[in-house]
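K.L.:
This is the structure, below, for whatever I ask next.
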Amino acid sequence: MKKLVITVFALLLGIGAYAQDYSVSNDAKFEYNQGVDYYKLGKYDKSMAAFRRAIALDANYIDAYYNLGSILEYLRQDEAALNVFKQIIVRKPDDYEAVYKAAYLSYTLSQSENAKKYLVLIPSDSDVYMKAQGLANAMGTDMQT
């Protein structure tokens with residue numbers, strides 16, 4: 001939830017959701033900022049296209065993936081959103097907010113076994129552990145199975 005709130009505020013303010021560990025190209029940043037601007041205007045299709053261009057320019061631009069996935073989730077395009085969050089996990093396995101999102105979306109798509117596989121990846125000291133535990137409880141499972 002924390003990263004989602006930060007991302008929403010970041011989108012509203014036009015800044016990145018969290019710091020990148022590497023230097024993002026200016027072209028990718030330009031497309032990302034275009035995506036943020038379109039998002040503020042409620043032009044979600046154009047926003048998603050800009051985030052996709054940013055990703056095409058820099059395949060490791062986690063913020064662009066995260067915002068693209070968040071918009072897809074908001075638009076209830078859960079399968080597409082899940083695929084985007086999986087891309088984050090491939091690139092940054094310790095992004096537990098993305099892992100939680102993948103678990104939640106898997107559960108939403110009636111893929112409970114996949115949701116459980118994601119939930120067990122979230123350590124108890126992570127910021128999203130309590131949220132993940134709540135999802136596990138709703139699924140009738142625990143975080144260890």
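Ligands are numbered from 1 in the order shown, chains are lettered A, B, ... in the order of the structure tokens, and residues start at 1 in each chain.
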Taking the chain letters and numbering used in this document, name the residues of range 2-138 of chain A that DSSP puts in alpha helix (DSSP H), as a PyMOL selection string.
P.N.:
chain A and resi 2-13+26-40+44-57+62-74+78-91+96-108+112-119+129-138
K.L.:
Which neighbours of Lys43 in chain A fall inside 12 Å, counting only C-alpha atoms, when residues of the same chain fewer than 6 positions from it are skipped, and could you give them as a list of chain:residue names?
P.N.:
A:Gln34, A:Gly35, A:Val36, A:Asp37, A:Ala49, A:Ala50, A:Ile71, A:Leu75
K.L.:
Restrict the selected residues to all heavy atoms and save them as a PDB file, in the first residue's frame.
P.N.:
ATOM      1  N   GLN A  34       6.060  12.171 -19.921  1.00  0.00           N
ATOM      2  CA  GLN A  34       4.879  12.315 -20.770  1.00  0.00           C
ATOM      3  C   GLN A  34       3.748  11.434 -20.233  1.00  0.00           C
ATOM      4  O   GLN A  34       2.594  11.853 -20.185  1.00  0.00           O
ATOM      5  CB  GLN A  34       5.200  11.918 -22.220  1.00  0.00           C
ATOM      6  CG  GLN A  34       6.022  12.920 -22.975  1.00  0.00           C
ATOM      7  CD  GLN A  34       5.212  14.145 -23.316  1.00  0.00           C
ATOM      8  OE1 GLN A  34       4.175  14.052 -23.952  1.00  0.00           O
ATOM      9  NE2 GLN A  34       5.682  15.295 -22.888  1.00  0.00           N
ATOM     10  N   GLY A  35       4.106  10.218 -19.819  1.00  0.00           N
ATOM     11  CA  GLY A  35       3.118   9.310 -19.247  1.00  0.00           C
ATOM     12  C   GLY A  35       2.480   9.884 -18.000  1.00  0.00           C
ATOM     13  O   GLY A  35       1.266   9.788 -17.803  1.00  0.00           O
ATOM     14  N   VAL A  36       3.285  10.493 -17.161  1.00  0.00           N
ATOM     15  CA  VAL A  36       2.774  11.118 -15.942  1.00  0.00           C
ATOM     16  C   VAL A  36       1.835  12.267 -16.300  1.00  0.00           C
ATOM     17  O   VAL A  36       0.743  12.397 -15.730  1.00  0.00           O
ATOM     18  CB  VAL A  36       3.935  11.604 -15.041  1.00  0.00           C
ATOM     19  CG1 VAL A  36       3.420  12.461 -13.891  1.00  0.00           C
ATOM     20  CG2 VAL A  36       4.730  10.417 -14.510  1.00  0.00           C
ATOM     21  N   ASP A  37       2.249  13.083 -17.267  1.00  0.00           N
ATOM     22  CA  ASP A  37       1.411  14.212 -17.685  1.00  0.00           C
ATOM     23  C   ASP A  37       0.067  13.733 -18.237  1.00  0.00           C
ATOM     24  O   ASP A  37      -0.984  14.281 -17.893  1.00  0.00           O
ATOM     25  CB  ASP A  37       2.136  15.067 -18.727  1.00  0.00           C
ATOM     26  CG  ASP A  37       3.308  15.836 -18.144  1.00  0.00           C
ATOM     27  OD1 ASP A  37       3.383  15.990 -16.897  1.00  0.00           O
ATOM     28  OD2 ASP A  37       4.173  16.270 -18.939  1.00  0.00           O
ATOM     29  N   ALA A  49       0.810   4.258 -23.269  1.00  0.00           N
ATOM     30  CA  ALA A  49       1.681   4.221 -24.453  1.00  0.00           C
ATOM     31  C   ALA A  49       3.023   4.874 -24.141  1.00  0.00           C
ATOM     32  O   ALA A  49       4.081   4.363 -24.540  1.00  0.00           O
ATOM     33  CB  ALA A  49       0.999   4.907 -25.636  1.00  0.00           C
ATOM     34  N   ALA A  50       3.005   5.980 -23.414  1.00  0.00           N
ATOM     35  CA  ALA A  50       4.253   6.657 -23.060  1.00  0.00           C
ATOM     36  C   ALA A  50       5.089   5.799 -22.111  1.00  0.00           C
ATOM     37  O   ALA A  50       6.314   5.704 -22.268  1.00  0.00           O
ATOM     38  CB  ALA A  50       3.950   8.020 -22.431  1.00  0.00           C
ATOM     39  N   ILE A  71      -1.918   1.471 -13.750  1.00  0.00           N
ATOM     40  CA  ILE A  71      -3.004   1.949 -14.600  1.00  0.00           C
ATOM     41  C   ILE A  71      -3.808   0.768 -15.138  1.00  0.00           C
ATOM     42  O   ILE A  71      -5.047   0.793 -15.130  1.00  0.00           O
ATOM     43  CB  ILE A  71      -2.474   2.819 -15.761  1.00  0.00           C
ATOM     44  CG1 ILE A  71      -1.893   4.123 -15.222  1.00  0.00           C
ATOM     45  CG2 ILE A  71      -3.591   3.119 -16.765  1.00  0.00           C
ATOM     46  CD1 ILE A  71      -1.148   4.935 -16.255  1.00  0.00           C
ATOM     47  N   LEU A  75      -7.743   0.044 -14.534  1.00  0.00           N
ATOM     48  CA  LEU A  75      -8.681  -0.154 -15.641  1.00  0.00           C
ATOM     49  C   LEU A  75      -9.224  -1.574 -15.683  1.00  0.00           C
ATOM     50  O   LEU A  75      -9.929  -1.939 -16.622  1.00  0.00           O
ATOM     51  CB  LEU A  75      -7.999   0.197 -16.970  1.00  0.00           C
ATOM     52  CG  LEU A  75      -7.585   1.655 -17.132  1.00  0.00           C
ATOM     53  CD1 LEU A  75      -6.797   1.847 -18.429  1.00  0.00           C
ATOM     54  CD2 LEU A  75      -8.797   2.585 -17.086  1.00  0.00           C
TER      55      LEU A  75
END
K.L.:
From the set A:Met143, A:Leu68, A:Ala56, A:Val24, which residue has the shortest atom-to-atom contact distance to Ile122 in chain A, counting only C-alpha atoms?
P.N.:
A:Met143
K.L.:
Name all residues at most 8 Å from Leu105 in chain A (count only C-alpha atoms; drop same-chain ones fewer than 6 positions away) and give them as number ranges by chain.
P.N.:
A: 78-79, 81-82, 115
K.L.:
Next, the residues of the selection above should be written as a PDB file, in the first residue's frame with all heavy atoms.
P.N.:
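Here's the written file selection_18.pdb:
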ATOM      1  N   ASP A  78      -6.645  -6.945 -15.549  1.00  0.00           N
ATOM      2  CA  ASP A  78      -5.847  -7.658 -14.556  1.00  0.00           C
ATOM      3  C   ASP A  78      -4.782  -8.570 -15.154  1.00  0.00           C
ATOM      4  O   ASP A  78      -3.672  -8.646 -14.631  1.00  0.00           O
ATOM      5  CB  ASP A  78      -6.759  -8.452 -13.616  1.00  0.00           C
ATOM      6  CG  ASP A  78      -7.622  -7.542 -12.754  1.00  0.00           C
ATOM      7  OD1 ASP A  78      -7.283  -6.355 -12.590  1.00  0.00           O
ATOM      8  OD2 ASP A  78      -8.645  -8.026 -12.242  1.00  0.00           O
ATOM      9  N   GLU A  79      -5.098  -9.259 -16.212  1.00  0.00           N
ATOM     10  CA  GLU A  79      -4.112 -10.156 -16.837  1.00  0.00           C
ATOM     11  C   GLU A  79      -2.913  -9.359 -17.340  1.00  0.00           C
ATOM     12  O   GLU A  79      -1.758  -9.733 -17.116  1.00  0.00           O
ATOM     13  CB  GLU A  79      -4.750 -10.954 -17.974  1.00  0.00           C
ATOM     14  CG  GLU A  79      -3.858 -12.028 -18.540  1.00  0.00           C
ATOM     15  CD  GLU A  79      -3.673 -13.215 -17.617  1.00  0.00           C
ATOM     16  OE1 GLU A  79      -4.652 -13.646 -16.994  1.00  0.00           O
ATOM     17  OE2 GLU A  79      -2.527 -13.706 -17.510  1.00  0.00           O
ATOM     18  N   ALA A  81      -2.006  -6.365 -16.325  1.00  0.00           N
ATOM     19  CA  ALA A  81      -1.323  -5.796 -15.156  1.00  0.00           C
ATOM     20  C   ALA A  81      -0.426  -6.843 -14.511  1.00  0.00           C
ATOM     21  O   ALA A  81       0.727  -6.550 -14.140  1.00  0.00           O
ATOM     22  CB  ALA A  81      -2.348  -5.271 -14.150  1.00  0.00           C
ATOM     23  N   LEU A  82      -0.926  -8.062 -14.366  1.00  0.00           N
ATOM     24  CA  LEU A  82      -0.128  -9.139 -13.784  1.00  0.00           C
ATOM     25  C   LEU A  82       1.154  -9.351 -14.585  1.00  0.00           C
ATOM     26  O   LEU A  82       2.239  -9.481 -14.009  1.00  0.00           O
ATOM     27  CB  LEU A  82      -0.944 -10.431 -13.720  1.00  0.00           C
ATOM     28  CG  LEU A  82      -0.207 -11.679 -13.238  1.00  0.00           C
ATOM     29  CD1 LEU A  82       0.367 -11.494 -11.841  1.00  0.00           C
ATOM     30  CD2 LEU A  82      -1.143 -12.881 -13.282  1.00  0.00           C
ATOM     31  N   ALA A 115      -0.917 -17.357  -6.733  1.00  0.00           N
ATOM     32  CA  ALA A 115      -0.924 -16.332  -5.690  1.00  0.00           C
ATOM     33  C   ALA A 115      -0.136 -16.811  -4.482  1.00  0.00           C
ATOM     34  O   ALA A 115       0.675 -16.058  -3.915  1.00  0.00           O
ATOM     35  CB  ALA A 115      -2.353 -15.980  -5.299  1.00  0.00           C
TER      36      ALA A 115
END
K.L.:
Could you tell me which of A:Ser124, A:Asn60, A:Ser112, A:Gln77 comes closest to Ala136 in chain A if we count only C-alpha atoms?
P.N.:
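So, comparing all the options, the nearest one is A:Ser112.
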K.L.:
Using only C-alpha atoms, can you tell me which of A:Ser25, A:Tyr129, A:Ile88, A:Leu135 comes closest to Ala103 in chain A?
P.N.:
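Selected residue with least distance to Ala103 in chain A: A:Leu135.
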